[in-house]
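**Student:** Structure in structure tokens, see below.
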Amino acid sequence: MTSETALPESGQHQVSPPRFHRAWSVAIVAFLALVGAASFRAAPSVLIDPLHEDFGWSRASISAAVSVNLILYGLTSPFAAALMERFGIRAVVTSALALISLGSGLTIFMTSSWQLILLWGVFVGLGTGSMALAFVATVVDRWFVEKRGLVTGILTAGGAAGQLVFLPVLAKIAETYDWKSVAFTVSFAALAVVPFVLLFLRNYPSDVGTTPYGAPADYAPPAKPVYQRGGAGGRAISVLVMASKTKVFWLLAGTFAICGASTNGLIGTHFVPASHDHGMPITTAASLLALIGILDMVGTIASGWFTDRMDSRKLLGIYYLFRGISLLFLPLLLANTVNPPMIAFVIFYGLDWVATVPPTVALCRQHFGADAPIVFGWVLASHQIGAGLVAFLAGLVRDQIGSYDAAFLVAGALCAIAAVMSLLIAKRPKEAVLVDSV
């Protein structure tokens with residue numbers, strides 16, 4: 001195997017490494033894939049009211065489909081990470097994008113709420129889960145030695161910001177045409193990324209005769225896991241069993257569950273209908289979420305930069321504390337127009353949207369070594385379980401009491417608890433935890 005940083009063999013001339021490392025092209029394609037997949041995850045927020053008006057389904061039943069989507073998004077992640085180990089990133093990502101496109105496209109033919117749960121919840125949940133943040137962790141771990149925190153922040157921002165930036169576009173399409181046009185648009189967006197994945201995404205640096213970005217001259221790639229009982233699924237389960245015996249895993253899973261509840265589950269799903277309850281046009285509310293997405297790119301990339309330099313536990317504590325404060329004030333800010341306090345909330349909350357991801361990934365890597373992508377997949381599963389439960393419960397609260405205020409206040413209190421939990425994570429991993437599991 002040759003590499004860009006390897007020393008030349010005797011009698012050979014050393015080749016100067018190219019200025020543009022192949023790892024960056026892989027990161028760019030991964031970014032595009034995440035943005036393409038994010039388009040469908042943006043749809044629920046702008047389609048709750050149109051589906052309610054078109055079919056007469058309750059918000060709780062529509063939110064149930066969102067909950068299934070969010071939970072499967074998380075539960076699929078660790079198994080997808082194991083499948084990427086066994087069959088490669090490119091095969092898994094291509095299949096995931098095709099499944100998203102299929103699930104979205106078929107929704108235009110649905111006539112019953114159970115079909116919404118099957119297509120929107122199951123199909124798209126499995127597809128997006130296969131391209132979740134465990135995909136980010138896998139790409140970063142394989143292709144980068146230096147700047148891991150920064151690249152994690154960039155890719156995470158791409159997925160989260162893409163979800164929100166799509167919102168005003170999808171809201172405008174729904175307003176101008178109908179919700180079926182939104183489903184078709186999302187189906188096309190996911191499918192359009194597939195050629196880029198097939199052409200440019202590669203599984204390992206060694207596939208193209210190079211080493212990860214920032215690898216030393218004596219770099220040796222880690223041994224690939226040996227699959228015995230249960231294949232990829234068995235490996236995902238064995239890593240969960242190993243990780244679940246540690247306190248740090250439960251603290252990371254608990255804080256990330258609250259992260260999901262306070263972002264995708266609550267704001268990502270219900271901010272637009274909550275604003276619409278106060279007389280704000282859907283397109284205006286969707287534009288505010290898009291602005292959150294743009295600010296999120298800044299906040300998450302900055303978080304990645306900080307993660308490379310600061311204590312990840314303290315970063316998480318700060319992020320959760322300030323997110324909780326912003327959510328406690330949100331019920332007072334909702335109105336029929338965009339006022340300066342609401343803009344302040346959007347800026348404050350937007351910078352913090354998924355800033356928690358880079359330090360969470362770093363702590364998984366610090367405590368679980370080579371198993372970190374799969375461990376993070378399980379941590380992400382808890383994130384999505386929290387998101388799914390709150391997506392449903394917030395819709396139920398709205399149906400029962402006519403307001404989302406209670407949901408916002410409870411989420412703010414939970415974020416304060418997550419801040420304390422973050423500081424309880426051990427600073428240094430125990431040596432036993434760093435042993436790879438197979």
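By convention here, the chains of the structure tokens are called A, B, ... in the order presented, each chain's residues are numbered starting at 1, and ligands are numbered starting at 1 in the order presented.
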Neighbours of Ala253 (chain A) within 12 Å (only C-alpha atoms; same-chain residues fewer than 6 positions away dropped), as number ranges by chain?
**Tutor:** A: 74, 240, 243-244, 246-247, 259-260, 360-361, 363-364, 375-386, 418, 421-422, 425
**Student:** For Ala344 (chain A), list every protein, DNA or RNA residue within 12 Å, evaluated using only C-alpha atoms, and leave out those in the same chain fewer than 2 positions away; present the list as a PyMOL selection string.
**Tutor:** chain A and resi 288+291-292+295+326+329-330+333+338-342+346-351
**Student:** Write out as a PyMOL selection string all residues of region 40-260 of chain A that backbone DSSP assigns to alpha helix (DSSP H).
**Tutor:** chain A and resi 40-55+59-87+89-106+113-116+124-129+133-143+148-176+179-192+194-200+231-243+247-260
**Student:** Excluding Ser67 (chain A) and its own-chain neighbours fewer than 3 positions away, which residues fall within 6 Å of it when counting only C-alpha atoms? Please give them as a PDB file with N, CA and C atoms, in the first residue's frame.
**Tutor:**
```pdb
ATOM      1  N   ALA A  64     -47.286  10.979  15.540  1.00  0.00           N
ATOM      2  CA  ALA A  64     -46.874   9.596  15.780  1.00  0.00           C
ATOM      3  C   ALA A  64     -45.978   9.094  14.653  1.00  0.00           C
ATOM      4  N   LEU A  70     -38.260   9.464  13.859  1.00  0.00           N
ATOM      5  CA  LEU A  70     -37.156   9.923  14.697  1.00  0.00           C
ATOM      6  C   LEU A  70     -36.523   8.772  15.475  1.00  0.00           C
ATOM      7  N   GLY A 388     -38.269  11.418  19.470  1.00  0.00           N
ATOM      8  CA  GLY A 388     -39.522  10.810  19.071  1.00  0.00           C
ATOM      9  C   GLY A 388     -40.597  10.920  20.134  1.00  0.00           C
ATOM     10  N   ALA A 391     -41.716  14.567  20.267  1.00  0.00           N
ATOM     11  CA  ALA A 391     -42.491  14.926  19.072  1.00  0.00           C
ATOM     12  C   ALA A 391     -43.939  14.495  19.239  1.00  0.00           C
ATOM     13  N   PHE A 392     -44.154  13.285  19.760  1.00  0.00           N
ATOM     14  CA  PHE A 392     -45.514  12.799  19.979  1.00  0.00           C
ATOM     15  C   PHE A 392     -46.183  13.499  21.162  1.00  0.00           C
TER      16      PHE A 392
END
```
**Student:** Could you jot down the CA of Pro358 (chain A) to CA of Arg235 (chain A) separation for me, Å, one decimal place?
**Tutor:**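 Separating CA of Pro358 (chain A) from CA of Arg235 (chain A) is a distance of 24.2 Å.
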**Student:** Please, what distance in Å, to one decimal, runs between CA of Ser238 (chain A) and CA of Glu85 (chain A)?
**Tutor:**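 About the pair CA of Ser238 (chain A) and CA of Glu85 (chain A): they are 14.4 Å apart.
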**Student:** Return the single residue from A:Leu75, A:Ile154, A:Ala82, A:Val357 that is closest to Tyr320 (chain A), with distances computed using only C-alpha atoms.
**Tutor:**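 Of A:Leu75, A:Ile154, A:Ala82, A:Val357, the one nearest Tyr320 (chain A), counting only C-alpha atoms, is A:Val357.
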**Student:** I'd like the contact shell of Phe31 (chain A) - 8 Å cut-off, only C-alpha atoms, skipping same-chain residues fewer than 5 positions apart - returned as a ChimeraX atom specification.
**Tutor:** /A:154-155,158-159
**Student:** Restrict the selected residues to all heavy atoms and save them as a compact mmCIF listing (two decimals), in the first residue's frame.
**Tutor:**
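The resulting again-v4.txt:
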```txt
# COMPACT_ATOMS: atom_id res chain seq x y z
N ILE A 154 -18.36 20.46 10.89
CA ILE A 154 -18.80 20.84 9.55
C ILE A 154 -19.85 19.87 9.02
O ILE A 154 -20.90 20.28 8.51
CB ILE A 154 -17.60 20.92 8.59
CG1 ILE A 154 -16.68 22.08 8.98
CG2 ILE A 154 -18.07 21.08 7.14
CD1 ILE A 154 -15.37 22.10 8.21
N LEU A 155 -19.59 18.56 9.14
CA LEU A 155 -20.53 17.57 8.63
C LEU A 155 -21.84 17.58 9.42
O LEU A 155 -22.93 17.45 8.85
CB LEU A 155 -19.90 16.18 8.66
CG LEU A 155 -18.69 15.97 7.74
CD1 LEU A 155 -18.19 14.53 7.83
CD2 LEU A 155 -19.04 16.31 6.30
N GLY A 158 -23.85 20.45 8.35
CA GLY A 158 -24.46 20.23 7.05
C GLY A 158 -25.78 19.50 7.14
O GLY A 158 -26.77 19.89 6.52
N GLY A 159 -25.81 18.42 7.94
CA GLY A 159 -27.05 17.67 8.09
C GLY A 159 -28.12 18.46 8.81
O GLY A 159 -29.27 18.52 8.35
```
**Student:** So how far away is CA of Ala406 (chain A) from CA of Ala171 (chain A), in Å?
**Tutor:**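 Spanning CA of Ala171 (chain A) to CA of Ala406 (chain A) is a straight-line distance of 26.1 Å.
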**Student:** Which is closer to Gly234 (chain A) than all the others in A:Leu83, A:Val390, A:Leu198, A:Ile318, using only C-alpha atoms?
**Tutor:**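 Checking each of A:Leu83, A:Val390, A:Leu198, A:Ile318 against Gly234 (chain A), counting only C-alpha atoms, the winner is A:Leu83.
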**Student:** I need the residue nearest Asp399 (chain A) from this list: A:Ala285, A:Ile89, A:Ala60, A:Cys415. Use only C-alpha atoms for the distance.
**Tutor:** A:Ala60
**Student:** Would you pick out the contacts of Asn203 (chain A) at 10 Å or less, using only C-alpha atoms, so that residues sharing its chain but fewer than 2 positions from it are not included, and give the list as JSON, numbers by chain?
**Tutor:** {"A": [26, 84, 85, 87, 88, 89, 90, 91, 138, 139, 142, 143, 201, 205, 206, 207, 208]}
**Student:** Could you pull the residues within 12 Å of Glu53 (chain A), counting only C-alpha atoms, minus those fewer than 6 positions along the same chain, as a list in words?
**Tutor:**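 Listed by chain and then number, they are Leu47, Arg59, Ile62, Asp178 and Trp179 of chain A.
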**Student:** Write a file of the just-selected residues containing N, CA, C and O atoms, as an mmCIF file, in the first residue's frame.
**Tutor:**
```cif
data_model
loop_
_atom_site.group_PDB
_atom_site.id
_atom_site.type_symbol
_atom_site.label_atom_id
_atom_site.label_comp_id
_atom_site.auth_asym_id
_atom_site.auth_seq_id
_atom_site.Cartn_x
_atom_site.Cartn_y
_atom_site.Cartn_z
ATOM 1 N N LEU A 47 -45.622 20.172 7.067
ATOM 2 C CA LEU A 47 -46.724 19.373 6.541
ATOM 3 C C LEU A 47 -47.750 18.968 7.589
ATOM 4 O O LEU A 47 -48.782 18.382 7.243
ATOM 5 N N ARG A 59 -53.325 16.010 15.029
ATOM 6 C CA ARG A 59 -51.900 16.317 15.109
ATOM 7 C C ARG A 59 -51.147 15.229 15.856
ATOM 8 O O ARG A 59 -49.971 14.969 15.590
ATOM 9 N N ILE A 62 -50.465 12.418 13.318
ATOM 10 C CA ILE A 62 -49.397 12.825 12.395
ATOM 11 C C ILE A 62 -48.063 12.842 13.125
ATOM 12 O O ILE A 62 -47.037 12.381 12.604
ATOM 13 N N ASP A 178 -49.099 21.975 -3.270
ATOM 14 C CA ASP A 178 -49.712 21.170 -2.220
ATOM 15 C C ASP A 178 -48.625 20.321 -1.561
ATOM 16 O O ASP A 178 -47.460 20.381 -1.956
ATOM 17 N N TRP A 179 -49.020 19.529 -0.550
ATOM 18 C CA TRP A 179 -48.032 18.741 0.186
ATOM 19 C C TRP A 179 -47.423 17.634 -0.687
ATOM 20 O O TRP A 179 -46.289 17.214 -0.459
#
```
